[in-house]
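Asks: After the structure tokens below, expect a handful of questions from me.
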Amino acid sequence: MKIPVLRIYTIAYLIFLYCPIIILPIFAFNNSTSVAFPLQGFTTQWFQNVWNDDQLFVALKNSLIVAAATSVLATLLGTLAARASTRYNFKASAPLMGLIMLPMVLPEMIMAMALLVVLLAMGIKLSLFTIILGDVLICTPFAVAILTSAFQSLDRSLEEAAYDLGEGPFSTFMLVIFPLVMPGIISALLICFTIAIDEFIVANFLGSGEKLLSTYIFGQLRFPKYVPNIMALGTVLVGVSITLLSLAEFFRRRGIARTGAKDSGGFL
Amino acid sequence: MTETLQPSTSGTSPLGPGPIGRSRFWGSEAASGLALISPTALYAILLLAAPLATTLLYSVLTDGYLTVVPHFQLCNYIGECHSQLVNGTMAPDSYQGAWTDPIALSLLWRSLYVSAFVTAATVILAYPVAYFVSFNVSASRKSLWLFLITIPFWTSYVIRVFMWNVMLGRTGVINSILMGTGIISDPLQMTFTIQAMVLTLAHAYAPFAILPIYVALEKIDRSLLEAGQDLGETRFTTFLRVTLPLSMTGVIAAVLIVFIPTIGDYVTPNLIGGGKLPMIANIIEKQMLKADNKPLGSATAVTAMLVVALVSLLFLFLNRRYLKGQK
């Protein structure tokens with residue numbers, strides 16, 4: 001017995017969820033400086049403006065540097081923590097993992113401010129590097145969550161088999177474990193990259209004024225005349241993130257298929 | 001299965017082998033685990049625990065000119081406080097501590113109230129969606145639905161928030177549609193309101209609520225529902241007496257996951273509230289940076305953390321009661 005009400009409700013909810021990203025491309029191609037209906041005809045001018053904006057490319061470059069560094073560092077730290085907590089039984093595991101996962105349940109603003117205060121007190125100059133420090137803190141719990149499930153679905157007997165066949169600990173890790181959790185690592189890298197490139201609070205408060213993509217967009221939105229440019233930029237970003245997500249989903253499914261587990265669905 | 005196999009290799013960490021057999025501790029499983037987790041743990045201690053401890057410390061010290069004076073006091077929380085001037089004397093003007101300043105208190109209340117509303121709206125609206133995907137969608141299509149739900153969430157947060165300005169503004173999408181079709185003659189004032197902020201945040205955190213509820217619903221043994229109906233319950237009473245209580249852990253997780261980031265949201269009060277409806281994050285920014293009063297800002301941040309911790313503990317306590325009820 002199906003309840004069509006529920007299906008209709010869910011579709012309506014999805015429309016609500018998609019509203020902003022559907023509106024985005026409409027105004028990105030709309031030939032008017034005011035973002036309002038009725039539409040004024042087709043233009044690609046906003047995309048050209050975006051393309052010709054040097055500041056944007058500086059911000060993009062900064063964001064890419066920060067996101068790349070963050071995703072690598074957070075995934076590395078996440079791999080260590082996830083492996084330690086799933087493979088070894090030790091007393092300090094629970095409190096340490098609690099601390100590592102704490103950023104998930106702490107308002108970002110408080111974390112950013114606490115970190116800022118310490119960085120200022122220690123006389124560390126704010127830069128892209130300090131932004132990376134903050135972003136790694138925020139991304140590591142996500143990497144740990146993804147990688148914990150990757151390590152948990154590992155069959156321990158595969159590892160045992162490698163030892164029995166004469167492999168050392170390091171070669172076992174490289175030859176057996178690493179390839180098996182590789183999809184999880186790639187998934188963690190992509191998710192951390194997506195989070196870091198979108199991160200606003202850390203970029204806004206832990207930087208020394210050099211713009212990242214998110215802070216650049218935030219700055220531009222104060223001026224109504226730049227809003228159509230942001231619509232065009234947003235359209236491009238939506239396209240990019242959907243592509244990245246599809247890749248992440250692809251690797252996640254392949255990883256599940258490889259370890260022979262059942263698909264439980266979802267990233268979280 | 002594999003649990004019966006003892007780790008025959010304890011002491012040999014497969015990732016960066018530690019010194020083996022030097023002593024009992026260094027060869028033990030605990031040592032391997034600690035060695036492996038130490039870089040991540042050290043990072044969290046240095047960049048998270050230490051800064052939080054510093055914030056706590058600052059909140060009981062005295063504000064100086066561009067510095068924090070190590071003079072203990074509690075006035076950053078309660079009562080009147082004086083900053084220290086460059087020459088070491090106290091400033092004649094006083095400021096109120098975080099718990100006695102009516103403005104700070106009202107902002108804290110507003111943050112609580114906005115995020116409580118957002119949480120309630122998000123979780124209640126998300127529940128039927130999670131229920132639908134878990135119970136009414138065939139197993140092979142579930143990941144597709146979840147994927148569809150998560151896509152809008154992974155696009156630029158700042159733009160997503162701003163889009164609600166585009167939707168709700170005086171010349172925005174909703175007003176121009178309503179006026180174009182002649183339903184209203186004057187544009188509705190929707191931006192710069194608490195409701196607009198609640199709507200924006202409820203949109204931004206929707207997937208955070210759907211996923212944990214979905215996971216909890218997925219774990220429910222379907223035969224329990226059949227049992228309920230065999231014992232004469234209707235579909236609706238089965239839902240109330242079996243499904244809903246069993247999914248409560250997911251609901252509580254959703255509540256926490258939505259509540260915690262929304263209470264500290266910074267972007268929405270700026271873009272949707274137009275800076276006229278600041279929340280706690282905005283006042284922390286103001287105190288810490290614009291007014292350069294780090295002790296007061298720290299006290300406000302600690303207060304916000306206490307509020308978050310209290311609410312979290314309350315819900316975790318509820319969660320435990322539900323878990324106990326199931327046994």
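The chains in the structure tokens are called A, B, ... from first to last as shown; in each chain the residues are counted from 1, and the ligands are counted from 1 in the order shown.
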Can you list every residue in region 66-199 of chain B that DSSP puts in alpha helix (DSSP H), as a PyMOL selection string?

Replies: chain B and resi 102-131+142-150+157-168+173-180+194-199

Asks: Mind checking which residues fall within 12 Å of Thr33 (chain A), counting only C-alpha atoms, ignoring those fewer than 3 positions away in the same chain, and posting them as number ranges by chain?

Replies: A: 27-30, 36-37, 39-41, 43, 45-46, 223-231

Asks: Name all residues at most 10 Å from Val308 (chain B) (count only C-alpha atoms; drop same-chain ones fewer than 6 positions away) and give them as a PyMOL selection string.

Replies: (chain A and resi 105-107) or (chain B and resi 112+256+259-261+263-264+302+314)

Asks: Would you save the residues from that selection as a short mmCIF file (atom, residue, chain, number, x, y, z; two decimals), in the first residue's frame, using N, CA and C atoms?

Replies:
```cif
data_model
loop_
_atom_site.label_atom_id
_atom_site.label_comp_id
_atom_site.auth_asym_id
_atom_site.auth_seq_id
_atom_site.Cartn_x
_atom_site.Cartn_y
_atom_site.Cartn_z
N VAL A 105 30.86 19.22 16.46
CA VAL A 105 29.77 19.65 17.34
C VAL A 105 30.09 20.99 18.02
N LEU A 106 30.93 21.78 17.38
CA LEU A 106 31.28 23.08 17.95
C LEU A 106 30.98 24.13 16.90
N PRO A 107 30.27 25.21 17.28
CA PRO A 107 30.05 26.25 16.27
C PRO A 107 31.40 26.74 15.73
N LEU B 112 19.35 31.64 20.13
CA LEU B 112 18.73 30.41 20.63
C LEU B 112 17.39 30.17 19.96
N LEU B 256 20.71 17.82 17.01
CA LEU B 256 22.02 18.34 17.41
C LEU B 256 22.80 18.84 16.20
N PHE B 259 21.14 22.13 15.18
CA PHE B 259 21.14 23.18 16.19
C PHE B 259 22.52 23.81 16.38
N ILE B 260 23.54 22.96 16.45
CA ILE B 260 24.88 23.46 16.81
C ILE B 260 25.44 24.45 15.78
N PRO B 261 25.46 24.12 14.49
CA PRO B 261 26.00 25.15 13.58
C PRO B 261 25.09 26.36 13.39
N ILE B 263 23.24 27.94 15.57
CA ILE B 263 23.31 28.94 16.65
C ILE B 263 24.54 29.82 16.46
N GLY B 264 25.56 29.30 15.80
CA GLY B 264 26.76 30.11 15.58
C GLY B 264 26.87 30.64 14.17
N VAL B 302 32.52 31.64 25.46
CA VAL B 302 32.38 30.57 26.46
C VAL B 302 30.91 30.37 26.80
N LEU B 314 21.25 17.84 27.17
CA LEU B 314 19.81 17.59 27.34
C LEU B 314 19.33 16.57 26.33
#
```

Asks: Rounded to one decimal in Å, what is the spacing between CA of Ala209 (chain B) and CA of Arg235 (chain B)?

Replies: 24.3 Å

Asks: If we count only C-alpha atoms, which residues of chain B reach to within 7 Å of chain A? Please list them as a ChimeraX atom specification.

Replies: /B:2,12-17,29-30,33,36-37,39-41,44,47,51-52,55,128-129,132,142-143,146-147,149,151-152,154-160,163,166,171-173,176,203,260-261,264,281,301

Asks: Save the residues we just selected, N, CA and C atoms, as a short mmCIF file (atom, residue, chain, number, x, y, z; two decimals), in the first residue's frame?

Replies:
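And here is the file that came out, result.cif:
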```cif
data_model
loop_
_atom_site.label_atom_id
_atom_site.label_comp_id
_atom_site.auth_asym_id
_atom_site.auth_seq_id
_atom_site.Cartn_x
_atom_site.Cartn_y
_atom_site.Cartn_z
N THR B 2 35.98 -13.11 11.80
CA THR B 2 37.36 -12.64 11.94
C THR B 2 37.71 -12.30 13.37
N THR B 12 53.42 -4.81 15.72
CA THR B 12 53.90 -4.39 14.42
C THR B 12 52.82 -3.55 13.78
N SER B 13 52.98 -2.26 13.89
CA SER B 13 51.99 -1.38 13.30
C SER B 13 52.14 -1.41 11.80
N PRO B 14 51.07 -1.74 11.09
CA PRO B 14 51.17 -1.81 9.64
C PRO B 14 51.43 -0.45 9.01
N LEU B 15 51.22 0.61 9.78
CA LEU B 15 51.49 1.93 9.21
C LEU B 15 52.63 2.52 10.03
N GLY B 16 53.80 2.62 9.48
CA GLY B 16 54.92 3.16 10.23
C GLY B 16 55.22 2.31 11.45
N PRO B 17 55.88 1.21 11.29
CA PRO B 17 56.11 0.30 12.40
C PRO B 17 56.92 0.98 13.50
N GLU B 29 49.79 -3.24 21.90
CA GLU B 29 48.78 -2.72 20.99
C GLU B 29 48.50 -1.25 21.29
N ALA B 30 48.49 -0.92 22.60
CA ALA B 30 48.21 0.46 23.00
C ALA B 30 49.25 1.40 22.42
N GLY B 33 48.73 1.89 18.71
CA GLY B 33 47.57 2.75 18.50
C GLY B 33 47.91 4.19 18.79
N LEU B 36 50.15 5.75 16.23
CA LEU B 36 49.46 6.00 14.98
C LEU B 36 48.52 7.21 15.07
N ILE B 37 47.89 7.37 16.24
CA ILE B 37 46.91 8.45 16.36
C ILE B 37 47.58 9.76 16.75
N PRO B 39 49.86 11.99 15.61
CA PRO B 39 49.90 13.23 14.83
C PRO B 39 48.56 13.95 14.81
N THR B 40 47.48 13.19 14.59
CA THR B 40 46.14 13.78 14.54
C THR B 40 45.76 14.33 15.91
N ALA B 41 46.04 13.54 16.95
CA ALA B 41 45.69 13.97 18.30
C ALA B 41 46.46 15.22 18.69
N ALA B 44 44.99 18.22 17.08
CA ALA B 44 43.76 18.65 17.73
C ALA B 44 44.06 19.29 19.09
N LEU B 47 45.76 22.85 18.19
CA LEU B 47 44.96 23.83 17.47
C LEU B 47 43.50 23.87 17.87
N PRO B 51 43.59 26.37 22.08
CA PRO B 51 42.84 27.60 21.86
C PRO B 51 41.58 27.71 22.72
N LEU B 52 40.86 26.60 22.89
CA LEU B 52 39.65 26.65 23.72
C LEU B 52 40.01 26.95 25.16
N THR B 55 40.77 30.60 25.42
CA THR B 55 39.53 31.40 25.44
C THR B 55 38.95 31.42 26.85
N PRO B 128 9.33 13.31 7.16
CA PRO B 128 8.58 12.57 6.13
C PRO B 128 9.44 12.24 4.91
N VAL B 129 10.41 13.10 4.59
CA VAL B 129 11.28 12.84 3.44
C VAL B 129 12.14 11.61 3.73
N PHE B 132 9.99 8.58 3.67
CA PHE B 132 9.67 8.19 2.29
C PHE B 132 10.82 7.42 1.66
N LYS B 142 17.58 3.92 -3.55
CA LYS B 142 17.76 4.75 -2.35
C LYS B 142 18.96 5.69 -2.47
N SER B 143 20.10 5.15 -2.94
CA SER B 143 21.27 6.04 -3.01
C SER B 143 21.04 7.17 -3.99
N LEU B 146 19.12 9.79 -2.11
CA LEU B 146 19.97 10.47 -1.14
C LEU B 146 20.93 11.41 -1.85
N PHE B 147 21.42 10.96 -2.99
CA PHE B 147 22.32 11.79 -3.78
C PHE B 147 21.61 13.07 -4.22
N ILE B 149 19.17 14.50 -2.76
CA ILE B 149 18.93 15.36 -1.60
C ILE B 149 20.19 16.11 -1.21
N ILE B 151 22.83 16.99 -3.17
CA ILE B 151 23.46 17.86 -4.18
C ILE B 151 23.36 19.36 -3.85
N PRO B 152 22.17 19.90 -3.56
CA PRO B 152 22.12 21.35 -3.36
C PRO B 152 22.95 21.80 -2.17
N TRP B 154 25.92 20.84 -1.36
CA TRP B 154 27.36 20.95 -1.63
C TRP B 154 27.71 22.11 -2.54
N THR B 155 26.82 23.07 -2.70
CA THR B 155 27.17 24.23 -3.52
C THR B 155 27.42 25.43 -2.61
N SER B 156 28.15 26.39 -3.09
CA SER B 156 28.62 27.52 -2.29
C SER B 156 27.59 28.01 -1.25
N TYR B 157 27.98 27.90 0.00
CA TYR B 157 27.09 28.26 1.10
C TYR B 157 26.70 29.73 1.03
N VAL B 158 27.66 30.60 0.77
CA VAL B 158 27.38 32.03 0.73
C VAL B 158 26.36 32.32 -0.37
N ILE B 159 26.54 31.72 -1.54
CA ILE B 159 25.61 31.96 -2.64
C ILE B 159 24.23 31.38 -2.30
N ARG B 160 24.22 30.19 -1.71
CA ARG B 160 22.93 29.57 -1.37
C ARG B 160 22.15 30.45 -0.41
N MET B 163 20.89 33.54 -2.23
CA MET B 163 19.78 33.28 -3.15
C MET B 163 18.43 33.52 -2.48
N VAL B 166 17.54 36.92 -3.07
CA VAL B 166 17.02 37.05 -4.43
C VAL B 166 15.56 36.58 -4.47
N THR B 171 12.34 43.35 -4.76
CA THR B 171 12.18 43.13 -6.19
C THR B 171 12.53 41.68 -6.52
N GLY B 172 12.43 40.84 -5.52
CA GLY B 172 12.86 39.45 -5.68
C GLY B 172 11.87 38.59 -6.43
N VAL B 173 12.22 37.32 -6.54
CA VAL B 173 11.45 36.38 -7.35
C VAL B 173 10.00 36.28 -6.88
N SER B 176 8.08 39.56 -7.37
CA SER B 176 7.77 39.89 -8.76
C SER B 176 6.74 38.93 -9.36
N HIS B 203 16.65 25.82 5.03
CA HIS B 203 17.03 25.31 3.71
C HIS B 203 18.47 24.82 3.73
N ILE B 260 23.54 22.96 16.45
CA ILE B 260 24.88 23.46 16.81
C ILE B 260 25.44 24.45 15.78
N PRO B 261 25.46 24.12 14.49
CA PRO B 261 26.00 25.15 13.58
C PRO B 261 25.09 26.36 13.39
N GLY B 264 25.56 29.30 15.80
CA GLY B 264 26.76 30.11 15.58
C GLY B 264 26.87 30.64 14.17
N ALA B 281 27.28 34.99 16.86
CA ALA B 281 28.57 35.00 16.15
C ALA B 281 28.97 36.43 15.79
N ALA B 301 31.94 33.93 23.98
CA ALA B 301 32.15 32.66 23.28
C ALA B 301 31.98 31.49 24.25
#
```

Asks: Hey, can you check how far CA of Ile280 (chain B) sits from CA of Ala59 (chain A)?

Replies: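 Computing it gives 28.2 Å between the two atoms.
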
Asks: Tell me, as a VMD selection string, which residues lie within 10 Å of Ala68 (chain A), counting only C-alpha atoms; anything in the same chain fewer than 6 positions away does not count.

Replies: chain A and resid 62 74 132 189 to 190 192 to 194 196 to 197

Asks: Go ahead and write the residues just picked, C-alpha atoms, as a JSON list (two decimals), in the first residue's frame.

Replies:
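Result file follows (selection28.json):
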```json
[["chain", "number", "residue", "atom", "x", "y", "z"],
["A", 62, "ASN", "CA", 44.10, 31.05, -3.21],
["A", 74, "ALA", "CA", 43.08, 16.39, 6.65],
["A", 132, "ILE", "CA", 44.77, 26.01, 6.06],
["A", 189, "LEU", "CA", 40.01, 13.97, -0.32],
["A", 190, "LEU", "CA", 37.12, 15.13, -2.47],
["A", 192, "CYS", "CA", 37.51, 17.76, 2.33],
["A", 193, "PHE", "CA", 38.31, 19.69, -0.83],
["A", 194, "THR", "CA", 34.65, 20.62, -1.28],
["A", 196, "ALA", "CA", 37.51, 23.70, 2.34],
["A", 197, "ILE", "CA", 36.77, 25.50, -0.90]]
```

Asks: Could you list, as a list in words, every residue within 7 Å of Tyr65 (chain B), counting only C-alpha atoms and ignoring same-chain residues fewer than 5 positions away?

Replies: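 Here the answer would be Gln84, Leu85 and Val86 of chain B.
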